[in-house]
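query36.cif (mmCIF, C-alpha atoms)
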data_my_file
loop_
_atom_site.label_atom_id
_atom_site.label_comp_id
_atom_site.auth_asym_id
_atom_site.auth_seq_id
_atom_site.Cartn_x
_atom_site.Cartn_y
_atom_site.Cartn_z
CA MET Z 88 0.00 0.00 0.00
CA SER Z 89 1.51 3.35 -0.92
CA ALA Z 90 1.76 6.24 1.51
CA THR Z 91 -0.96 8.14 -0.31
CA GLN Z 92 -3.36 5.19 -0.17
CA ASN Z 93 -2.84 4.88 3.57
CA GLN Z 94 -3.69 8.50 4.39
CA VAL Z 95 -6.91 9.30 6.22
CA PRO Z 96 -8.57 12.60 5.30
CA SER Z 97 -8.57 15.20 8.02
CA PRO Z 98 -11.72 17.19 8.89
CA HIS Z 99 -10.08 20.26 7.33
CA THR Z 100 -9.83 18.82 3.81
CA SER Z 101 -12.56 18.23 1.30
CA PRO Z 102 -14.21 14.85 1.77
CA THR Z 103 -13.16 11.91 -0.37
CA PRO Z 104 -16.06 10.44 -2.34
CA VAL Z 105 -17.11 7.05 -0.99
CA PRO Z 106 -18.28 4.53 -3.61
CA GLY Z 107 -22.03 4.00 -3.40
CA HIS Z 108 -22.66 7.22 -1.42
CA THR Z 109 -23.65 10.55 -2.87
CA SER Z 110 -22.18 12.68 -0.11
CA ALA Z 111 -20.29 11.99 3.06
CA SER Z 112 -19.09 14.23 5.83
CA PRO Z 113 -15.32 14.34 6.41
CA CYS Z 114 -15.78 12.43 9.70
CA THR Z 115 -17.81 9.69 8.01
CA ALA Z 116 -15.27 9.39 5.21
CA ALA Z 117 -12.43 9.12 7.73
CA ARG Z 118 -14.27 6.39 9.67
CA ILE Z 119 -14.93 4.45 6.48
CA ALA Z 120 -11.30 4.81 5.36
CA ARG Z 121 -10.04 3.50 8.73
CA ALA Z 122 -12.51 0.60 8.63
CA LEU Z 123 -11.48 -0.31 5.09
CA THR Z 124 -7.81 -0.18 6.05
CA ALA Z 125 -8.44 -2.46 9.05
CA LEU Z 126 -10.52 -4.87 6.93
CA THR Z 127 -7.85 -4.96 4.24
CA LEU Z 128 -5.18 -5.76 6.84
CA ALA Z 129 -7.36 -8.48 8.36
CA ALA Z 130 -8.01 -10.00 4.93
CA VAL Z 131 -4.30 -10.26 4.12
CA GLY Z 132 -3.22 -11.27 7.62
CA GLY Z 133 -1.71 -7.94 8.58
CA THR Z 134 -1.48 -6.35 12.00
CA LEU Z 135 -2.43 -2.88 13.16
CA LEU Z 136 0.15 -1.35 15.45
CA ALA Z 137 0.13 1.75 17.57
CA PRO Z 138 2.51 4.45 16.33
CA GLY Z 139 6.05 3.60 17.47
CA ALA Z 140 5.19 -0.03 18.30
CA VAL Z 141 7.46 -2.79 17.07
CA PRO Z 142 6.04 -6.06 15.70
CA GLU Z 143 6.91 -9.14 17.79
CA ALA Z 144 8.81 -10.62 14.85
CA GLN Z 145 11.18 -7.65 14.91
CA ALA Z 146 11.38 -7.33 18.70
CA ALA Z 147 12.24 -10.96 19.46
CA PRO Z 148 15.52 -11.18 17.50
CA ALA Z 149 17.09 -8.39 19.57
CA ALA Z 150 16.56 -10.36 22.81
CA ALA Z 151 17.58 -13.61 21.11
CA GLY Z 152 20.82 -12.08 19.82
CA LYS Z 153 21.59 -10.62 23.23
CA ALA Z 154 20.88 -13.96 24.95
CA LEU Z 155 23.16 -15.73 22.46
CA ASN Z 156 25.99 -13.29 23.16
CA ILE Z 157 25.53 -13.68 26.92
CA ALA Z 158 25.67 -17.48 26.63
CA ALA Z 159 28.82 -17.24 24.49
CA SER Z 160 30.41 -14.93 27.08
CA LYS Z 161 30.06 -17.76 29.63
CA LYS Z 162 32.34 -20.07 27.60
CA GLY Z 163 34.39 -22.22 29.98
CA SER Z 164 32.06 -21.80 32.99
CA PRO Z 165 31.79 -25.19 34.73
CA TYR Z 166 28.69 -27.37 34.69
CA GLN Z 167 26.89 -27.81 37.99
CA TRP Z 168 23.54 -29.56 38.29
CA GLY Z 169 20.86 -27.05 39.31
CA ALA Z 170 23.11 -23.98 38.86
CA THR Z 171 21.73 -20.84 37.20
CA GLY Z 172 24.87 -18.70 37.12
CA PRO Z 173 26.56 -16.38 37.02
CA TYR Z 174 29.66 -18.62 37.34
CA ARG Z 175 28.26 -22.19 37.06
CA PHE Z 176 25.38 -23.56 35.00
CA ASP Z 177 23.38 -26.60 34.07
CA CYS Z 178 21.78 -26.62 30.61
CA SER Z 179 18.50 -24.88 31.44
CA GLY Z 180 20.27 -22.64 33.95
CA LEU Z 181 22.38 -21.24 31.09
CA THR Z 182 19.34 -20.53 28.90
CA LEU Z 183 17.40 -19.04 31.83
CA TYR Z 184 20.35 -16.81 32.83
CA SER Z 185 21.05 -15.69 29.24
CA TYR Z 186 17.46 -14.76 28.48
CA LYS Z 187 16.92 -13.15 31.88
CA ARG Z 188 19.89 -10.85 31.20
CA ALA Z 189 18.35 -10.14 27.77
CA GLY Z 190 15.09 -9.07 29.44
CA LYS Z 191 12.97 -12.22 28.95
CA LYS Z 192 11.57 -14.63 31.54
CA LEU Z 193 11.92 -18.39 31.19
CA PRO Z 194 10.93 -21.19 33.57
CA ARG Z 195 13.65 -23.18 35.35
CA THR Z 196 13.75 -26.62 33.65
CA ALA Z 197 14.34 -27.66 30.04
CA GLN Z 198 10.88 -29.28 29.83
CA ALA Z 199 9.17 -26.18 31.26
CA GLN Z 200 11.12 -23.98 28.81
CA TYR Z 201 9.97 -26.25 25.97
CA ASN Z 202 6.36 -25.86 27.15
CA LYS Z 203 6.69 -22.05 27.31
CA THR Z 204 8.31 -21.36 23.91
CA ARG Z 205 6.70 -21.19 20.47
CA ARG Z 206 7.52 -24.19 18.23
CA ILE Z 207 9.31 -23.35 15.01
CA SER Z 208 10.52 -25.61 12.22
CA LYS Z 209 14.18 -26.32 11.52
CA SER Z 210 13.98 -24.25 8.33
CA TYR Z 211 12.88 -21.16 10.34
CA ARG Z 212 15.31 -21.47 13.25
CA SER Z 213 17.39 -18.39 13.98
CA LYS Z 214 20.37 -17.59 16.15
CA GLY Z 215 19.19 -17.35 19.73
CA ASP Z 216 16.32 -19.84 19.38
CA LEU Z 217 16.28 -22.66 21.91
CA VAL Z 218 17.17 -26.20 20.79
CA PHE Z 219 15.44 -28.98 22.74
CA PHE Z 220 16.75 -32.55 22.79
CA HIS Z 221 14.10 -35.26 23.16
CA GLY Z 222 14.30 -38.75 24.65
CA ARG Z 223 11.81 -41.33 25.86
CA GLY Z 224 11.07 -39.31 28.98
CA GLY Z 225 10.53 -35.98 27.21
CA VAL Z 226 12.97 -33.10 26.89
CA TYR Z 227 16.33 -33.95 28.48
CA HIS Z 228 18.57 -31.08 27.31
CA VAL Z 229 18.43 -27.50 25.97
CA GLY Z 230 20.90 -25.13 24.32
CA ILE Z 231 20.89 -21.83 22.44
CA TYR Z 232 21.17 -22.01 18.66
CA ALA Z 233 24.33 -20.28 17.40
CA GLY Z 234 23.96 -20.87 13.65
CA ASN Z 235 25.70 -23.43 11.41
CA ASN Z 236 24.00 -26.34 13.23
CA LYS Z 237 25.77 -25.44 16.53
CA ILE Z 238 24.57 -24.57 20.04
CA TRP Z 239 25.94 -22.97 23.16
CA HIS Z 240 25.17 -25.24 26.08
CA SER Z 241 26.33 -26.60 29.42
CA PRO Z 242 26.30 -30.32 28.67
CA LYS Z 243 27.07 -32.49 31.72
CA SER Z 244 28.96 -32.99 34.95
CA GLY Z 245 32.72 -32.62 34.43
CA SER Z 246 32.19 -30.35 31.42
CA TRP Z 247 31.71 -26.61 30.87
CA VAL Z 248 29.78 -24.11 28.74
CA LYS Z 249 30.86 -24.60 25.15
CA LEU Z 250 29.91 -24.44 21.49
CA ASP Z 251 29.04 -27.87 20.01
CA ARG Z 252 27.46 -29.29 16.90
CA ILE Z 253 23.88 -30.53 17.27
CA TRP Z 254 24.50 -34.28 17.66
CA SER Z 255 20.99 -35.66 17.40
CA SER Z 256 18.09 -35.62 14.97
CA SER Z 257 15.64 -35.83 17.91
CA VAL Z 258 15.51 -32.07 18.43
CA SER Z 259 12.92 -29.36 18.18
CA TYR Z 260 13.24 -25.60 18.15
CA GLY Z 261 11.50 -23.02 20.30
CA ARG Z 262 11.36 -19.24 20.05
CA VAL Z 263 11.23 -17.23 23.26
CA ARG Z 264 8.30 -14.80 23.19
#
In structure tokens, write the structure found in this file.
Amino acid sequence: MSATQNQVPSPHTSPTPVPGHTSASPCTAARIARALTALTLAAVGGTLLAPGAVPEAQAAPAAAGKALNIAASKKGSPYQWGATGPYRFDCSGLTLYSYKRAGKKLPRTAQAQYNKTRRISKSYRSKGDLVFFHGRGGVYHVGIYAGNNKIWHSPKSGSWVKLDRIWSSSVSYGRVR
């Protein structure tokens, strides 16, 4: 839609003719124009935003990128079961800490984080999305997608926060809202 098509007449301009009506007041024409704009957006799946608002699709990547950088900055921090930082982490503790510092809230466990995030397909995954590893008992591990089929994670006792390739095909992806 061009800028001129999106303009709503003001009460101080001459009214725009409305198809099917012989005359319309400027206020009526403005109401009809707004209604048609809203209906057009609804028909094509658009969203109306308040001036200055940012769509969720644009807002989320900023937090995801920040969370990814925070996780990467913890490289070498030792694994400790149940730890949520800032110096030791388990897998979900690292994701919780990273997203909390990026301004987003996540639950404590990998399974609860899986339940809270929005599922996305592998083809739509982005840096900063969460990668969930599935086993017979549900989700057993989580990391933060770093691109190139790699994640930042805190894998197991005796290990540390590091960048690793995704080693399993039993994974799903979640986007933090």
(request) Between Z:Asn156, Z:Ser164, Z:Thr196, Z:Asn202, single out the one closest to His228 of chain Z, counting all atoms listed in the file. (result) Z:Thr196
(request) Could you tell me which residues the PyMOL selection byres ((chain Z and resi 226) around 12) returns for this structure, as number ranges by chain? (result) Z: 178-179, 196-202, 218-225, 227-230, 257-260
How would the residues just picked look written out with C-alpha atoms as a PDB file, in the frame of the given file?
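Output saved as result_30.pdb:
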ATOM      1  CA  CYS Z 178      21.780 -26.620  30.610  1.00  0.00           C
ATOM      2  CA  SER Z 179      18.500 -24.880  31.440  1.00  0.00           C
ATOM      3  CA  THR Z 196      13.750 -26.620  33.650  1.00  0.00           C
ATOM      4  CA  ALA Z 197      14.340 -27.660  30.040  1.00  0.00           C
ATOM      5  CA  GLN Z 198      10.880 -29.280  29.830  1.00  0.00           C
ATOM      6  CA  ALA Z 199       9.170 -26.180  31.260  1.00  0.00           C
ATOM      7  CA  GLN Z 200      11.120 -23.980  28.810  1.00  0.00           C
ATOM      8  CA  TYR Z 201       9.970 -26.250  25.970  1.00  0.00           C
ATOM      9  CA  ASN Z 202       6.360 -25.860  27.150  1.00  0.00           C
ATOM     10  CA  VAL Z 218      17.170 -26.200  20.790  1.00  0.00           C
ATOM     11  CA  PHE Z 219      15.440 -28.980  22.740  1.00  0.00           C
ATOM     12  CA  PHE Z 220      16.750 -32.550  22.790  1.00  0.00           C
ATOM     13  CA  HIS Z 221      14.100 -35.260  23.160  1.00  0.00           C
ATOM     14  CA  GLY Z 222      14.300 -38.750  24.650  1.00  0.00           C
ATOM     15  CA  ARG Z 223      11.810 -41.330  25.860  1.00  0.00           C
ATOM     16  CA  GLY Z 224      11.070 -39.310  28.980  1.00  0.00           C
ATOM     17  CA  GLY Z 225      10.530 -35.980  27.210  1.00  0.00           C
ATOM     18  CA  TYR Z 227      16.330 -33.950  28.480  1.00  0.00           C
ATOM     19  CA  HIS Z 228      18.570 -31.080  27.310  1.00  0.00           C
ATOM     20  CA  VAL Z 229      18.430 -27.500  25.970  1.00  0.00           C
ATOM     21  CA  GLY Z 230      20.900 -25.130  24.320  1.00  0.00           C
ATOM     22  CA  SER Z 257      15.640 -35.830  17.910  1.00  0.00           C
ATOM     23  CA  VAL Z 258      15.510 -32.070  18.430  1.00  0.00           C
ATOM     24  CA  SER Z 259      12.920 -29.360  18.180  1.00  0.00           C
ATOM     25  CA  TYR Z 260      13.240 -25.600  18.150  1.00  0.00           C
TER      26      TYR Z 260
END
(message) Measuring between only C-alpha atoms, which one of Z:Ala154, Z:Ala149, Z:Ile253, Z:Val248 shows the shortest distance to Leu183 of chain Z?
(response)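 Comparing Z:Ala154, Z:Ala149, Z:Ile253, Z:Val248 against Leu183 of chain Z, the winner is Z:Ala154.
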(message) Could you tell me how far atom CA of Leu181 of chain Z sits from atom CA of Trp239 of chain Z, in Å to one decimal place?
(response) 8.9 Å
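Distances here use all atoms listed in the file; by that measure, the residue among Z:Arg212, Z:Arg175, Z:Tyr186, Z:Pro148 closest to Lys161 of chain Z is Z:Arg175.
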(message) Translate the PyMOL selection byres ((chain Z and resi 214) around 9) into a concrete residue list for this structure, as a ChimeraX atom specification.
(response) /Z:148,151-152,155,212-213,215-217,231-234
(request) Record the distance separating atom CA of Lys192 of chain Z and atom CA of Ser246 of chain Z, expressed in Å with one decimal. (result)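 One can read the atom CA of Lys192 of chain Z to atom CA of Ser246 of chain Z distance as 25.9 Å.
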Six-sided padding of 3 Å per side, axis-aligned box over segment 183-195 of chain Z, centre and edges in Å, one decimal, as lines of an AutoDock Vina configuration file:
center_x = 16.0
center_y = -16.1
center_z = 31.6
size_x = 16.1
size_y = 20.1
size_z = 13.6
(request) To one decimal in Å, tell me the separation between atom CA of Asn235 of chain Z and atom CA of Arg252 of chain Z. (result)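 These two atoms are separated by 8.2 Å.
Among the candidate residues Z:Lys153, Z:Arg206, Z:Lys187, Z:Lys243, the one lying nearest to Pro173 of chain Z is Z:Lys187, with distances computed using all atoms listed in the file.
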(message) Using only C-alpha atoms, can you tell me which of Z:Lys203, Z:Ser241, Z:Gly261, Z:Ser255 comes closest to Gly172 of chain Z?
(response)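 Smallest separation from Gly172 of chain Z among the options: Z:Ser241.
When only C-alpha atoms are used to measure the gap to Trp168 of chain Z, the shortest distance among Z:Gly180, Z:Ala150, Z:Ser256, Z:Arg205 belongs to Z:Gly180.
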